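In what follows, a structure is listed as structure tokens, so that the remarks can point back to it.
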Amino acid sequence: FFLSRIPPELWLKLAWPLYWASILLLLAVLLFGQSVNGAKRWINIAGLQFQPSEIAKFTLILLFARLTKGFGSSAREFRYGVLGFGCALLGILIPLALEKHLSAIMLMGMVGVVMMFVAGTKLKWLAAGAAAAAAFVVIYISFMGYAGDRVTAWLHPELDPGDTGYQILQSLYAIGSGGLFGLGFGKSRQKYLYLPFQYNDYIFAIICEELGLVGALLIVALFAAAILR
């Protein structure tokens with residue numbers, strides 16, 4: 001609510017400073033970040049642990065909005081619509097690649113492409129960029145063992161139930177045990193030692209376990225309402 005009260009003009013002025021601050025935080029993760037399960041994504045500042053990539057998601061959208069306003073109809077030209085947006089996007093994606101944060105790379109890449117389309121970048125250039133991005137993902141997964149293991153575990157968690165597939169299988173147990181109406185709010189069993197990182201990556205699995213299919217659908221409906229709004 002309070003962020004929505006901030007005038008758009010102020011966000012416009014803050015776009016570049018916040019963008020550079022996000023890049024500095026992403027680079028700081030590589031130097032001082034905490035390594036969890038083979039990937040560095042978290043940083044601790046003054047006792048507050050967070051992922052700078054979450055801040056970068058917001059600042060990328062903010063900067064692309066500013067660039068869209070600045071470029072205007074020039075976004076149809078390669079110099080602005082591709083190079084301008086592309087260089088800004090790479091400033092965020094390269095540190096993320098070094099962090100081995102494939103999910104954030106894919107998410108922010110897709111957001112960037114949508115905003116470039118809205119700004120007026122020609123479809124033929126977006127299609128070429130999408131093809132290059134797909135090739136990058138394949139190469140990245142092939143050479144980055146951690147990312148490749150994550151994809152394999154996602155597709156076939158049962159092949160390695162004690163290691164790479166453990167979290168996914170435990171989350172499926174949580175979802176399945178919730179049934180139609182769930183075990184009751186706060187009564188999850190999987191969050192006690194069974195499902196790691198249940199407080200962030202797998203919080204939806206716990207919601208399914210505690211509130212069941214009905215509660216899960218209500219959460220999805222709330223997201224849908226926010227998107228429509």
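Ordering of the structure tokens sets the chain letters (A, B, ...); residue numbers start at 1 within each chain; ligands are numbered from 1 in the order shown.
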**OP:** Mind checking which residues fall within 9 Å of A:Phe85, counting only C-alpha atoms, ignoring those fewer than 5 positions away in the same chain, and posting them as an MDAnalysis selection string?
**Re:** chainID A and resid 64 67:68 75 80 90 112 116
**OP:** Name all residues at most 7 Å from A:Ser22 (count only C-alpha atoms; drop same-chain ones fewer than 2 positions away) and give them as a PyMOL selection string.
**Re:** chain A and resi 18-20+24-26+52+55-56
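When the distance limit is 12 Å and only C-alpha atoms are what count, the residues near A:Val220, minus those fewer than 5 positions from it on the same chain, are Phe204, Ile207, Cys208, Leu213, Val214, Gly215, Ala225, Ala226 and Ile227 of chain A.
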Subject >> All residues 12 Å or closer to A:Gly184, only C-alpha atoms, same chain fewer than 2 positions away omitted, as a VMD selection string >> reply: chain A and resid 177 to 182 186 to 189 206 to 215
Subject >> Those of stretch 25-217 of chain A in DSSP strand (DSSP E or B), formatted as an MDAnalysis selection string >> reply: chainID A and resid 34:36 39:45 48:50
Selection from above, N, CA, C and O atoms, as a PDB file, in the first residue's frame, can you write it?
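Saved result, out_3.pdb, follows:
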```pdb
ATOM      1  N   GLN A  34      26.331 -16.701   0.893  1.00  0.00           N
ATOM      2  CA  GLN A  34      26.302 -18.000   1.550  1.00  0.00           C
ATOM      3  C   GLN A  34      25.944 -19.074   0.532  1.00  0.00           C
ATOM      4  O   GLN A  34      24.982 -18.941  -0.220  1.00  0.00           O
ATOM      5  N   SER A  35      26.718 -20.142   0.509  1.00  0.00           N
ATOM      6  CA  SER A  35      26.503 -21.226  -0.442  1.00  0.00           C
ATOM      7  C   SER A  35      25.541 -22.249   0.165  1.00  0.00           C
ATOM      8  O   SER A  35      25.766 -22.753   1.269  1.00  0.00           O
ATOM      9  N   VAL A  36      24.447 -22.516  -0.561  1.00  0.00           N
ATOM     10  CA  VAL A  36      23.448 -23.487  -0.120  1.00  0.00           C
ATOM     11  C   VAL A  36      23.198 -24.468  -1.256  1.00  0.00           C
ATOM     12  O   VAL A  36      22.812 -24.065  -2.350  1.00  0.00           O
ATOM     13  N   ALA A  39      24.927 -23.654  -4.654  1.00  0.00           N
ATOM     14  CA  ALA A  39      24.668 -22.387  -5.338  1.00  0.00           C
ATOM     15  C   ALA A  39      24.762 -21.234  -4.349  1.00  0.00           C
ATOM     16  O   ALA A  39      24.342 -21.354  -3.199  1.00  0.00           O
ATOM     17  N   LYS A  40      25.317 -20.111  -4.822  1.00  0.00           N
ATOM     18  CA  LYS A  40      25.392 -18.901  -4.006  1.00  0.00           C
ATOM     19  C   LYS A  40      24.305 -17.937  -4.443  1.00  0.00           C
ATOM     20  O   LYS A  40      24.340 -17.407  -5.549  1.00  0.00           O
ATOM     21  N   ARG A  41      23.328 -17.707  -3.557  1.00  0.00           N
ATOM     22  CA  ARG A  41      22.224 -16.818  -3.886  1.00  0.00           C
ATOM     23  C   ARG A  41      21.885 -15.871  -2.755  1.00  0.00           C
ATOM     24  O   ARG A  41      21.246 -14.850  -2.966  1.00  0.00           O
ATOM     25  N   TRP A  42      22.288 -16.226  -1.556  1.00  0.00           N
ATOM     26  CA  TRP A  42      21.883 -15.488  -0.369  1.00  0.00           C
ATOM     27  C   TRP A  42      23.017 -14.614   0.143  1.00  0.00           C
ATOM     28  O   TRP A  42      24.189 -14.944   0.015  1.00  0.00           O
ATOM     29  N   ILE A  43      22.642 -13.484   0.746  1.00  0.00           N
ATOM     30  CA  ILE A  43      23.619 -12.615   1.380  1.00  0.00           C
ATOM     31  C   ILE A  43      23.038 -12.133   2.707  1.00  0.00           C
ATOM     32  O   ILE A  43      21.808 -12.017   2.855  1.00  0.00           O
ATOM     33  N   ASN A  44      23.902 -11.901   3.655  1.00  0.00           N
ATOM     34  CA  ASN A  44      23.474 -11.472   4.992  1.00  0.00           C
ATOM     35  C   ASN A  44      24.011 -10.074   5.255  1.00  0.00           C
ATOM     36  O   ASN A  44      25.221  -9.862   5.290  1.00  0.00           O
ATOM     37  N   ILE A  45      23.122  -9.115   5.432  1.00  0.00           N
ATOM     38  CA  ILE A  45      23.504  -7.737   5.724  1.00  0.00           C
ATOM     39  C   ILE A  45      22.802  -7.299   6.998  1.00  0.00           C
ATOM     40  O   ILE A  45      21.574  -7.282   7.069  1.00  0.00           O
ATOM     41  N   LEU A  48      20.125  -9.485   8.326  1.00  0.00           N
ATOM     42  CA  LEU A  48      19.004  -9.764   7.439  1.00  0.00           C
ATOM     43  C   LEU A  48      19.494 -10.595   6.256  1.00  0.00           C
ATOM     44  O   LEU A  48      20.328 -10.146   5.474  1.00  0.00           O
ATOM     45  N   GLN A  49      18.981 -11.796   6.142  1.00  0.00           N
ATOM     46  CA  GLN A  49      19.368 -12.696   5.056  1.00  0.00           C
ATOM     47  C   GLN A  49      18.330 -12.617   3.934  1.00  0.00           C
ATOM     48  O   GLN A  49      17.132 -12.744   4.177  1.00  0.00           O
ATOM     49  N   PHE A  50      18.795 -12.376   2.717  1.00  0.00           N
ATOM     50  CA  PHE A  50      17.871 -12.255   1.592  1.00  0.00           C
ATOM     51  C   PHE A  50      18.586 -12.588   0.289  1.00  0.00           C
ATOM     52  O   PHE A  50      19.812 -12.684   0.241  1.00  0.00           O
TER      53      PHE A  50
END
```
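With only C-alpha atoms as the atoms that count, the minimum distance from A:Glu54 to the choices A:Leu30, A:Leu98, A:Ile23, A:Ala104 is reached by A:Ala104.
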Between stretch 46-156 of chain A and stretch 162-173 of chain A, at 8 Å or less, what are the per-residue closest atom pairs and their distances in Å? Count only C-alpha atoms, order by chain and rising residue number, and return it as JSON lines.
```
{"residue": "A:Asp149", "atom": "CA", "partner": "A:Thr164", "partner_atom": "CA", "distance": 6.9}
{"residue": "A:Arg150", "atom": "CA", "partner": "A:Thr164", "partner_atom": "CA", "distance": 7.1}
{"residue": "A:Ala153", "atom": "CA", "partner": "A:Gly165", "partner_atom": "CA", "distance": 4.9}
{"residue": "A:Trp154", "atom": "CA", "partner": "A:Ile168", "partner_atom": "CA", "distance": 7.1}
{"residue": "A:His156", "atom": "CA", "partner": "A:Gly165", "partner_atom": "CA", "distance": 7.4}
```
**OP:** Might you pull out every residue within 9 Å of A:Leu96, with only C-alpha atoms counted and same-chain residues fewer than 3 positions away left off, and present them as an MDAnalysis selection string?
**Re:** chainID A and resid 26:27 41 53 92:93 99:102 104:105
Let's have the selection written as a PDB file, in the first residue's frame, with N, CA and C atoms.
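Output contents, as saved in part_7.pdb:
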```pdb
ATOM      1  N   LEU A  26      24.155  -8.246  -6.370  1.00  0.00           N
ATOM      2  CA  LEU A  26      24.339  -9.549  -7.026  1.00  0.00           C
ATOM      3  C   LEU A  26      25.808  -9.937  -7.071  1.00  0.00           C
ATOM      4  N   LEU A  27      26.678  -8.961  -7.343  1.00  0.00           N
ATOM      5  CA  LEU A  27      28.117  -9.237  -7.354  1.00  0.00           C
ATOM      6  C   LEU A  27      28.634  -9.506  -5.943  1.00  0.00           C
ATOM      7  N   ARG A  41      23.328 -17.707  -3.557  1.00  0.00           N
ATOM      8  CA  ARG A  41      22.224 -16.818  -3.886  1.00  0.00           C
ATOM      9  C   ARG A  41      21.885 -15.871  -2.755  1.00  0.00           C
ATOM     10  N   SER A  53      18.520 -11.277  -5.891  1.00  0.00           N
ATOM     11  CA  SER A  53      17.785 -11.492  -7.138  1.00  0.00           C
ATOM     12  C   SER A  53      16.332 -11.048  -7.014  1.00  0.00           C
ATOM     13  N   ILE A  92      21.962  -7.733 -15.477  1.00  0.00           N
ATOM     14  CA  ILE A  92      21.368  -8.512 -14.384  1.00  0.00           C
ATOM     15  C   ILE A  92      21.605 -10.007 -14.580  1.00  0.00           C
ATOM     16  N   LEU A  93      21.468 -10.484 -15.822  1.00  0.00           N
ATOM     17  CA  LEU A  93      21.512 -11.932 -16.073  1.00  0.00           C
ATOM     18  C   LEU A  93      22.904 -12.528 -15.907  1.00  0.00           C
ATOM     19  N   GLU A  99      25.905 -16.962 -10.323  1.00  0.00           N
ATOM     20  CA  GLU A  99      25.328 -17.488  -9.079  1.00  0.00           C
ATOM     21  C   GLU A  99      24.682 -18.859  -9.287  1.00  0.00           C
ATOM     22  N   LYS A 100      24.592 -19.301 -10.549  1.00  0.00           N
ATOM     23  CA  LYS A 100      23.903 -20.552 -10.906  1.00  0.00           C
ATOM     24  C   LYS A 100      22.417 -20.487 -10.566  1.00  0.00           C
ATOM     25  N   HIS A 101      21.823 -19.321 -10.802  1.00  0.00           N
ATOM     26  CA  HIS A 101      20.409 -19.116 -10.470  1.00  0.00           C
ATOM     27  C   HIS A 101      19.581 -19.187 -11.747  1.00  0.00           C
ATOM     28  N   LEU A 102      19.417 -20.389 -12.276  1.00  0.00           N
ATOM     29  CA  LEU A 102      18.761 -20.581 -13.563  1.00  0.00           C
ATOM     30  C   LEU A 102      17.303 -20.151 -13.545  1.00  0.00           C
ATOM     31  N   ALA A 104      15.808 -17.814 -11.838  1.00  0.00           N
ATOM     32  CA  ALA A 104      15.698 -16.348 -11.907  1.00  0.00           C
ATOM     33  C   ALA A 104      16.066 -15.840 -13.295  1.00  0.00           C
ATOM     34  N   ILE A 105      17.057 -16.467 -13.927  1.00  0.00           N
ATOM     35  CA  ILE A 105      17.450 -16.079 -15.284  1.00  0.00           C
ATOM     36  C   ILE A 105      16.276 -16.259 -16.234  1.00  0.00           C
TER      37      ILE A 105
END
```
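The gap separating atom CA of A:Ser73 from atom CA of A:Gly120 is 7.2 Å, in Å to one decimal.
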